[in-house]
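Here's coords.cif, which has mmCIF, N, CA and C atoms:
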data_upload
#
loop_
_atom_site.label_atom_id
_atom_site.label_comp_id
_atom_site.auth_asym_id
_atom_site.auth_seq_id
_atom_site.Cartn_x
_atom_site.Cartn_y
_atom_site.Cartn_z
N MET A 13 -2.73 37.38 18.73
CA MET A 13 -2.52 38.11 17.50
C MET A 13 -2.08 39.54 17.78
N GLY A 14 -2.14 39.94 19.03
CA GLY A 14 -1.68 41.27 19.38
C GLY A 14 -2.69 42.37 19.10
N ILE A 15 -3.96 42.00 18.92
CA ILE A 15 -5.00 43.00 18.67
C ILE A 15 -5.78 43.20 19.96
N ALA A 16 -5.82 44.42 20.42
CA ALA A 16 -6.50 44.72 21.68
C ALA A 16 -8.01 44.78 21.46
N LEU A 17 -8.76 44.23 22.45
CA LEU A 17 -10.21 44.30 22.40
C LEU A 17 -10.69 45.63 22.95
N THR A 18 -11.80 46.09 22.41
CA THR A 18 -12.41 47.31 22.95
C THR A 18 -13.14 46.95 24.24
N ASP A 19 -13.50 47.95 25.03
CA ASP A 19 -14.25 47.69 26.27
C ASP A 19 -15.56 46.99 25.96
N LYS A 20 -16.21 47.38 24.88
CA LYS A 20 -17.49 46.77 24.50
C LYS A 20 -17.29 45.29 24.14
N GLN A 21 -16.22 44.97 23.43
CA GLN A 21 -15.93 43.59 23.07
C GLN A 21 -15.63 42.75 24.30
N LYS A 22 -14.96 43.34 25.28
CA LYS A 22 -14.63 42.61 26.51
C LYS A 22 -15.87 42.24 27.30
N GLU A 23 -16.98 42.96 27.12
CA GLU A 23 -18.22 42.69 27.84
C GLU A 23 -19.01 41.52 27.23
N ILE A 24 -18.69 41.12 26.01
CA ILE A 24 -19.43 40.04 25.35
C ILE A 24 -19.09 38.72 26.02
N PRO A 25 -20.14 37.97 26.46
CA PRO A 25 -19.85 36.68 27.11
C PRO A 25 -19.26 35.69 26.10
N VAL A 26 -18.36 34.86 26.60
CA VAL A 26 -17.68 33.90 25.75
C VAL A 26 -18.15 32.50 26.13
N ASP A 27 -18.58 31.75 25.12
CA ASP A 27 -18.98 30.35 25.33
C ASP A 27 -17.74 29.56 25.74
N PRO A 28 -17.82 28.79 26.84
CA PRO A 28 -16.64 28.04 27.29
C PRO A 28 -16.16 27.00 26.27
N ASN A 29 -17.00 26.65 25.31
CA ASN A 29 -16.60 25.66 24.29
C ASN A 29 -16.02 26.30 23.04
N SER A 30 -15.95 27.62 23.00
CA SER A 30 -15.44 28.28 21.80
C SER A 30 -13.92 28.34 21.82
N PHE A 31 -13.35 28.56 20.66
CA PHE A 31 -11.90 28.70 20.56
C PHE A 31 -11.42 29.94 21.28
N ALA A 32 -12.27 30.94 21.37
CA ALA A 32 -11.89 32.18 22.02
C ALA A 32 -11.58 31.98 23.50
N SER A 33 -12.18 30.94 24.09
CA SER A 33 -11.94 30.71 25.51
C SER A 33 -10.79 29.74 25.76
N ALA A 34 -10.23 29.21 24.71
CA ALA A 34 -9.15 28.21 24.86
C ALA A 34 -7.93 28.85 25.49
N GLU A 35 -7.29 28.09 26.35
CA GLU A 35 -6.05 28.57 26.97
C GLU A 35 -4.93 28.57 25.94
N THR A 36 -4.17 29.61 25.94
CA THR A 36 -3.06 29.68 24.99
C THR A 36 -1.76 29.19 25.59
N ASP A 37 -1.77 28.86 26.88
CA ASP A 37 -0.55 28.41 27.54
C ASP A 37 -0.32 26.90 27.39
N LYS A 38 -1.28 26.20 26.75
CA LYS A 38 -1.13 24.76 26.59
C LYS A 38 0.04 24.46 25.66
N PRO A 39 0.84 23.48 26.02
CA PRO A 39 1.94 23.13 25.12
C PRO A 39 1.39 22.50 23.84
N THR A 40 1.92 22.89 22.71
CA THR A 40 1.48 22.32 21.45
C THR A 40 2.46 21.23 21.03
N LYS A 41 1.90 20.19 20.45
CA LYS A 41 2.73 19.09 19.99
C LYS A 41 3.43 19.51 18.70
N LYS A 42 4.72 19.36 18.67
CA LYS A 42 5.49 19.74 17.50
C LYS A 42 5.25 18.72 16.40
N LYS A 43 4.93 19.21 15.22
CA LYS A 43 4.67 18.32 14.09
C LYS A 43 5.99 17.78 13.54
N ALA A 44 5.92 16.54 13.09
CA ALA A 44 7.08 15.92 12.48
C ALA A 44 7.32 16.55 11.11
N PRO A 45 8.55 16.56 10.65
CA PRO A 45 8.83 17.11 9.32
C PRO A 45 8.09 16.30 8.26
N VAL A 46 7.65 16.98 7.21
CA VAL A 46 6.96 16.32 6.11
C VAL A 46 7.99 15.56 5.29
N PHE A 47 7.67 14.30 4.95
CA PHE A 47 8.59 13.50 4.16
C PHE A 47 8.43 13.88 2.69
N ARG A 48 9.53 14.18 2.03
CA ARG A 48 9.52 14.52 0.61
C ARG A 48 10.56 13.68 -0.11
N ALA A 49 10.10 12.97 -1.14
CA ALA A 49 11.02 12.20 -1.98
C ALA A 49 11.75 13.15 -2.92
N THR A 50 12.99 12.83 -3.21
CA THR A 50 13.77 13.65 -4.14
C THR A 50 13.41 13.28 -5.57
N LYS A 51 13.79 14.13 -6.50
CA LYS A 51 13.53 13.86 -7.92
C LYS A 51 14.22 12.56 -8.34
N ASP A 52 15.46 12.35 -7.87
CA ASP A 52 16.18 11.12 -8.20
C ASP A 52 15.46 9.89 -7.67
N GLN A 53 14.90 9.99 -6.47
CA GLN A 53 14.16 8.86 -5.90
C GLN A 53 12.89 8.59 -6.71
N ILE A 54 12.22 9.64 -7.14
CA ILE A 54 11.00 9.47 -7.94
C ILE A 54 11.34 8.81 -9.27
N ILE A 55 12.44 9.25 -9.90
CA ILE A 55 12.87 8.64 -11.16
C ILE A 55 13.18 7.16 -10.96
N ALA A 56 13.90 6.84 -9.89
CA ALA A 56 14.24 5.43 -9.61
C ALA A 56 12.97 4.62 -9.38
N ALA A 57 12.00 5.19 -8.67
CA ALA A 57 10.73 4.50 -8.42
C ALA A 57 9.98 4.29 -9.73
N GLN A 58 9.96 5.31 -10.59
CA GLN A 58 9.27 5.18 -11.87
C GLN A 58 9.91 4.10 -12.73
N LYS A 59 11.24 4.02 -12.72
CA LYS A 59 11.93 2.98 -13.49
C LYS A 59 11.58 1.59 -12.95
N LEU A 60 11.55 1.46 -11.63
CA LEU A 60 11.20 0.17 -11.04
C LEU A 60 9.76 -0.20 -11.37
N LEU A 61 8.86 0.76 -11.29
CA LEU A 61 7.46 0.51 -11.61
C LEU A 61 7.30 0.12 -13.08
N LYS A 62 8.11 0.72 -13.96
CA LYS A 62 8.09 0.34 -15.38
C LYS A 62 8.54 -1.11 -15.56
N GLU A 63 9.60 -1.49 -14.85
CA GLU A 63 10.11 -2.87 -14.93
C GLU A 63 9.05 -3.88 -14.50
N LYS A 64 8.20 -3.47 -13.57
CA LYS A 64 7.16 -4.35 -13.05
C LYS A 64 5.84 -4.20 -13.83
N ASN A 65 5.90 -3.45 -14.93
CA ASN A 65 4.73 -3.21 -15.78
C ASN A 65 3.57 -2.56 -15.04
N LEU A 66 3.90 -1.72 -14.07
CA LEU A 66 2.88 -0.99 -13.34
C LEU A 66 2.78 0.47 -13.80
N TYR A 67 3.76 0.91 -14.60
CA TYR A 67 3.82 2.30 -15.02
C TYR A 67 4.26 2.35 -16.47
N THR A 68 3.57 3.16 -17.27
CA THR A 68 3.91 3.25 -18.69
C THR A 68 4.41 4.63 -19.09
N GLY A 69 4.43 5.56 -18.17
CA GLY A 69 4.87 6.92 -18.48
C GLY A 69 6.38 7.03 -18.51
N GLU A 70 6.83 8.26 -18.68
CA GLU A 70 8.26 8.55 -18.70
C GLU A 70 8.80 8.66 -17.27
N ALA A 71 10.04 8.26 -17.08
CA ALA A 71 10.71 8.42 -15.79
C ALA A 71 11.25 9.85 -15.73
N ASN A 72 10.37 10.78 -15.34
CA ASN A 72 10.70 12.20 -15.39
C ASN A 72 10.84 12.85 -14.01
N GLY A 73 10.65 12.09 -12.96
CA GLY A 73 10.80 12.64 -11.61
C GLY A 73 9.61 13.42 -11.11
N SER A 74 8.48 13.27 -11.78
CA SER A 74 7.27 13.99 -11.39
C SER A 74 6.26 13.02 -10.77
N LEU A 75 5.72 13.38 -9.62
CA LEU A 75 4.70 12.55 -8.98
C LEU A 75 3.33 12.91 -9.58
N ASP A 76 3.17 12.59 -10.85
CA ASP A 76 1.93 12.89 -11.55
C ASP A 76 0.87 11.83 -11.22
N PRO A 77 -0.36 12.02 -11.66
CA PRO A 77 -1.42 11.06 -11.34
C PRO A 77 -1.10 9.62 -11.76
N ALA A 78 -0.48 9.44 -12.92
CA ALA A 78 -0.14 8.09 -13.38
C ALA A 78 0.88 7.43 -12.44
N THR A 79 1.84 8.20 -11.98
CA THR A 79 2.84 7.68 -11.05
C THR A 79 2.17 7.31 -9.73
N ARG A 80 1.30 8.17 -9.24
CA ARG A 80 0.61 7.89 -7.97
C ARG A 80 -0.26 6.64 -8.06
N THR A 81 -0.94 6.46 -9.19
CA THR A 81 -1.76 5.26 -9.39
C THR A 81 -0.88 4.01 -9.38
N SER A 82 0.28 4.12 -10.05
CA SER A 82 1.22 2.99 -10.09
C SER A 82 1.80 2.69 -8.70
N LEU A 83 2.10 3.74 -7.96
CA LEU A 83 2.62 3.55 -6.60
C LEU A 83 1.58 2.85 -5.73
N LYS A 84 0.34 3.25 -5.87
CA LYS A 84 -0.74 2.64 -5.09
C LYS A 84 -0.84 1.15 -5.42
N ALA A 85 -0.77 0.80 -6.71
CA ALA A 85 -0.82 -0.60 -7.12
C ALA A 85 0.36 -1.38 -6.54
N PHE A 86 1.56 -0.78 -6.58
CA PHE A 86 2.75 -1.42 -6.01
C PHE A 86 2.58 -1.64 -4.51
N GLN A 87 2.12 -0.61 -3.82
CA GLN A 87 1.94 -0.71 -2.37
C GLN A 87 0.95 -1.83 -2.02
N GLU A 88 -0.18 -1.85 -2.69
CA GLU A 88 -1.20 -2.86 -2.39
C GLU A 88 -0.69 -4.27 -2.72
N ALA A 89 0.05 -4.41 -3.81
CA ALA A 89 0.60 -5.71 -4.20
C ALA A 89 1.65 -6.20 -3.21
N ASN A 90 2.23 -5.28 -2.44
CA ASN A 90 3.26 -5.65 -1.47
C ASN A 90 2.76 -5.59 -0.03
N GLY A 91 1.43 -5.65 0.15
CA GLY A 91 0.85 -5.70 1.49
C GLY A 91 0.94 -4.41 2.27
N MET A 92 1.10 -3.31 1.57
CA MET A 92 1.19 -2.00 2.21
C MET A 92 -0.12 -1.25 2.02
N LYS A 93 -0.32 -0.23 2.81
CA LYS A 93 -1.48 0.63 2.63
C LYS A 93 -1.29 1.40 1.32
N GLY A 94 -2.27 1.32 0.44
CA GLY A 94 -2.18 1.97 -0.86
C GLY A 94 -2.47 3.45 -0.79
N THR A 95 -1.43 4.23 -0.53
CA THR A 95 -1.59 5.68 -0.40
C THR A 95 -1.30 6.42 -1.70
N GLY A 96 -0.51 5.82 -2.56
CA GLY A 96 -0.12 6.50 -3.79
C GLY A 96 0.94 7.57 -3.56
N THR A 97 1.53 7.58 -2.37
CA THR A 97 2.59 8.53 -2.07
C THR A 97 3.92 7.79 -1.99
N LEU A 98 4.96 8.50 -2.28
CA LEU A 98 6.30 7.90 -2.22
C LEU A 98 6.90 8.22 -0.87
N ASN A 99 6.50 7.42 0.12
CA ASN A 99 6.96 7.63 1.50
C ASN A 99 8.17 6.75 1.79
N ALA A 100 8.69 6.88 2.98
CA ALA A 100 9.91 6.15 3.36
C ALA A 100 9.71 4.64 3.28
N ALA A 101 8.57 4.15 3.75
CA ALA A 101 8.32 2.70 3.74
C ALA A 101 8.30 2.17 2.31
N THR A 102 7.70 2.92 1.40
CA THR A 102 7.63 2.49 0.00
C THR A 102 9.02 2.51 -0.64
N LEU A 103 9.78 3.57 -0.38
CA LEU A 103 11.15 3.63 -0.91
C LEU A 103 11.97 2.45 -0.41
N GLU A 104 11.86 2.14 0.86
CA GLU A 104 12.62 1.02 1.43
C GLU A 104 12.18 -0.30 0.79
N LYS A 105 10.87 -0.48 0.59
CA LYS A 105 10.36 -1.71 -0.03
C LYS A 105 10.86 -1.84 -1.46
N MET A 106 11.06 -0.70 -2.13
CA MET A 106 11.56 -0.69 -3.50
C MET A 106 13.08 -0.84 -3.56
N GLY A 107 13.75 -0.75 -2.41
CA GLY A 107 15.21 -0.84 -2.37
C GLY A 107 15.89 0.46 -2.77
N ILE A 108 15.17 1.58 -2.62
CA ILE A 108 15.72 2.89 -2.94
C ILE A 108 16.18 3.54 -1.65
N ALA A 109 17.44 3.94 -1.62
CA ALA A 109 18.03 4.49 -0.39
C ALA A 109 17.42 5.84 -0.02
N LEU A 110 17.30 6.05 1.29
CA LEU A 110 16.87 7.34 1.81
C LEU A 110 18.08 8.26 1.88
N THR A 111 17.83 9.56 1.75
CA THR A 111 18.92 10.52 1.91
C THR A 111 19.24 10.65 3.40
N ASP A 112 20.39 11.21 3.70
CA ASP A 112 20.75 11.44 5.10
C ASP A 112 19.73 12.34 5.79
N LYS A 113 19.26 13.35 5.08
CA LYS A 113 18.27 14.29 5.63
C LYS A 113 16.96 13.56 5.93
N GLN A 114 16.54 12.67 5.05
CA GLN A 114 15.32 11.90 5.28
C GLN A 114 15.48 10.99 6.49
N LYS A 115 16.64 10.36 6.61
CA LYS A 115 16.90 9.50 7.76
C LYS A 115 16.87 10.30 9.05
N GLU A 116 17.46 11.48 9.00
CA GLU A 116 17.48 12.37 10.17
C GLU A 116 16.05 12.77 10.56
N ASN A 117 15.25 13.14 9.57
CA ASN A 117 13.86 13.52 9.83
C ASN A 117 13.05 12.36 10.37
N MET A 118 13.32 11.16 9.89
CA MET A 118 12.62 9.96 10.37
C MET A 118 12.95 9.73 11.83
N ALA A 119 14.20 9.95 12.21
CA ALA A 119 14.62 9.76 13.60
C ALA A 119 13.92 10.79 14.49
N VAL A 120 13.80 12.02 14.03
CA VAL A 120 13.14 13.08 14.80
C VAL A 120 11.67 12.77 14.97
N SER A 121 11.00 12.31 13.89
CA SER A 121 9.56 12.07 13.97
C SER A 121 9.20 10.85 14.80
N SER A 122 10.15 9.93 15.00
CA SER A 122 9.85 8.74 15.79
C SER A 122 10.03 8.97 17.29
N GLN A 123 10.51 10.14 17.68
CA GLN A 123 10.75 10.42 19.10
C GLN A 123 9.50 10.88 19.78
#
Write the structure described by the file as structure tokens, please.
Amino acid sequence: MGIALTDKQKEIPVDPNSFASAETDKPTKKKAPVFRATKDQIIAAQKLLKEKNLYTGEANGSLDPATRTSLKAFQEANGMKGTGTLNAATLEKMGIALTDKQKENMAVSSQ
């Protein structure tokens, strides 16, 4: 953090199990990009869920609680983990195309 310790602070013993003693030179694993569905994809998913009588709300592109509950029901009915999120696997199962950016991010996260 760039904050210098005082001489008195340097004299305080450090528990080897504390974060303060952790090496900072360790390589950190780069996190994969977070998957985000577009508004158009959410609308398409809501329309599909309406067709399957799993969703009664408006197709407004918002991942509101009703949409998430419907997504979870769809996922479980299709043998998927019921997360209630509109992830790549769910979009593909629904037949909704991924954007080029989403495909690119998926390729990066699988490496």
(message) I'd like to know which of A:Ser74, A:Gln21, A:Asn117, A:Thr102 is closest to Phe86 in chain A, using all atoms listed in the file.
(response) A:Thr102
(request) Please write as a list in words the full residue list that the PyMOL selection byres (((chain A and resi 70 and name CA) around 12) and name CA) yields on this file. (result) Ile54, Ile55, Ala56, Ala57, Gln58, Lys59, Leu60, Leu61, Lys62, Tyr67, Thr68, Gly69, Ala71, Asn72, Gly73, Ser74, Leu75, Asp76, Ala78 and Thr79 of chain A
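Separating CA of Pro77 in chain A from CA of Met118 in chain A is a distance of 25.9 Å.
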(request) Provide the CA of Gly91 in chain A to CA of Asn65 in chain A distance in Å, to one decimal place. (result)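 Computed distance, CA of Gly91 in chain A to CA of Asn65 in chain A, equals 17.9 Å.
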(request) Write down as a PyMOL selection string the residues of chain A whose backbone DSSP state falls under alpha helix (DSSP H). (result) chain A and resi 19-22+51-63+77-89+100-106+112-121
(message) For a test of reading the model, state the distance in Å between CA of Lys93 in chain A and atom N of Phe47 in chain A, rounded to one decimal.
(response) 16.6 Å
Would you compute an axis-aligned box for range 85-97 of chain A, covering every atom listed for it in the file with 5 Å of margin on each side, and report centre and edge lengths in Å to one decimal as JSON?
{"center_x": 0.7, "center_y": 1.2, "center_z": -2.2, "size_x": 16.4, "size_y": 24.7, "size_z": 19.9}
Go through the shown structure with the PyMOL selection byres (((chain A and resi 96 and name CA) around 7) and name CA) and write out the matching residues as a PDB file with N, CA and C atoms, in the coordinates of the input.
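The file below, part21.pdb, is the result:
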ATOM      1  N   ARG A  80       1.300   8.170  -9.240  1.00  0.00           N
ATOM      2  CA  ARG A  80       0.610   7.890  -7.970  1.00  0.00           C
ATOM      3  C   ARG A  80      -0.260   6.640  -8.060  1.00  0.00           C
ATOM      4  N   THR A  81      -0.940   6.460  -9.190  1.00  0.00           N
ATOM      5  CA  THR A  81      -1.760   5.260  -9.390  1.00  0.00           C
ATOM      6  C   THR A  81      -0.880   4.010  -9.380  1.00  0.00           C
ATOM      7  N   LEU A  83       2.100   3.740  -7.960  1.00  0.00           N
ATOM      8  CA  LEU A  83       2.620   3.550  -6.600  1.00  0.00           C
ATOM      9  C   LEU A  83       1.580   2.850  -5.730  1.00  0.00           C
ATOM     10  N   LYS A  84       0.340   3.250  -5.870  1.00  0.00           N
ATOM     11  CA  LYS A  84      -0.740   2.640  -5.090  1.00  0.00           C
ATOM     12  C   LYS A  84      -0.840   1.150  -5.420  1.00  0.00           C
ATOM     13  N   GLY A  94      -2.270   1.320   0.440  1.00  0.00           N
ATOM     14  CA  GLY A  94      -2.180   1.970  -0.860  1.00  0.00           C
ATOM     15  C   GLY A  94      -2.470   3.450  -0.790  1.00  0.00           C
ATOM     16  N   THR A  95      -1.430   4.230  -0.530  1.00  0.00           N
ATOM     17  CA  THR A  95      -1.590   5.680  -0.400  1.00  0.00           C
ATOM     18  C   THR A  95      -1.300   6.420  -1.700  1.00  0.00           C
ATOM     19  N   THR A  97       1.530   7.580  -2.370  1.00  0.00           N
ATOM     20  CA  THR A  97       2.590   8.530  -2.070  1.00  0.00           C
ATOM     21  C   THR A  97       3.920   7.790  -1.990  1.00  0.00           C
ATOM     22  N   LEU A  98       4.960   8.500  -2.280  1.00  0.00           N
ATOM     23  CA  LEU A  98       6.300   7.900  -2.220  1.00  0.00           C
ATOM     24  C   LEU A  98       6.900   8.220  -0.870  1.00  0.00           C
TER      25      LEU A  98
END
(message) Here is a test: counting all atoms listed in the file, which residue of A:Lys43, A:Lys20, A:Thr111, A:Ala49 is nearest to Asn99 in chain A?
(response)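 The answer is A:Ala49, which sits nearest to Asn99 in chain A.
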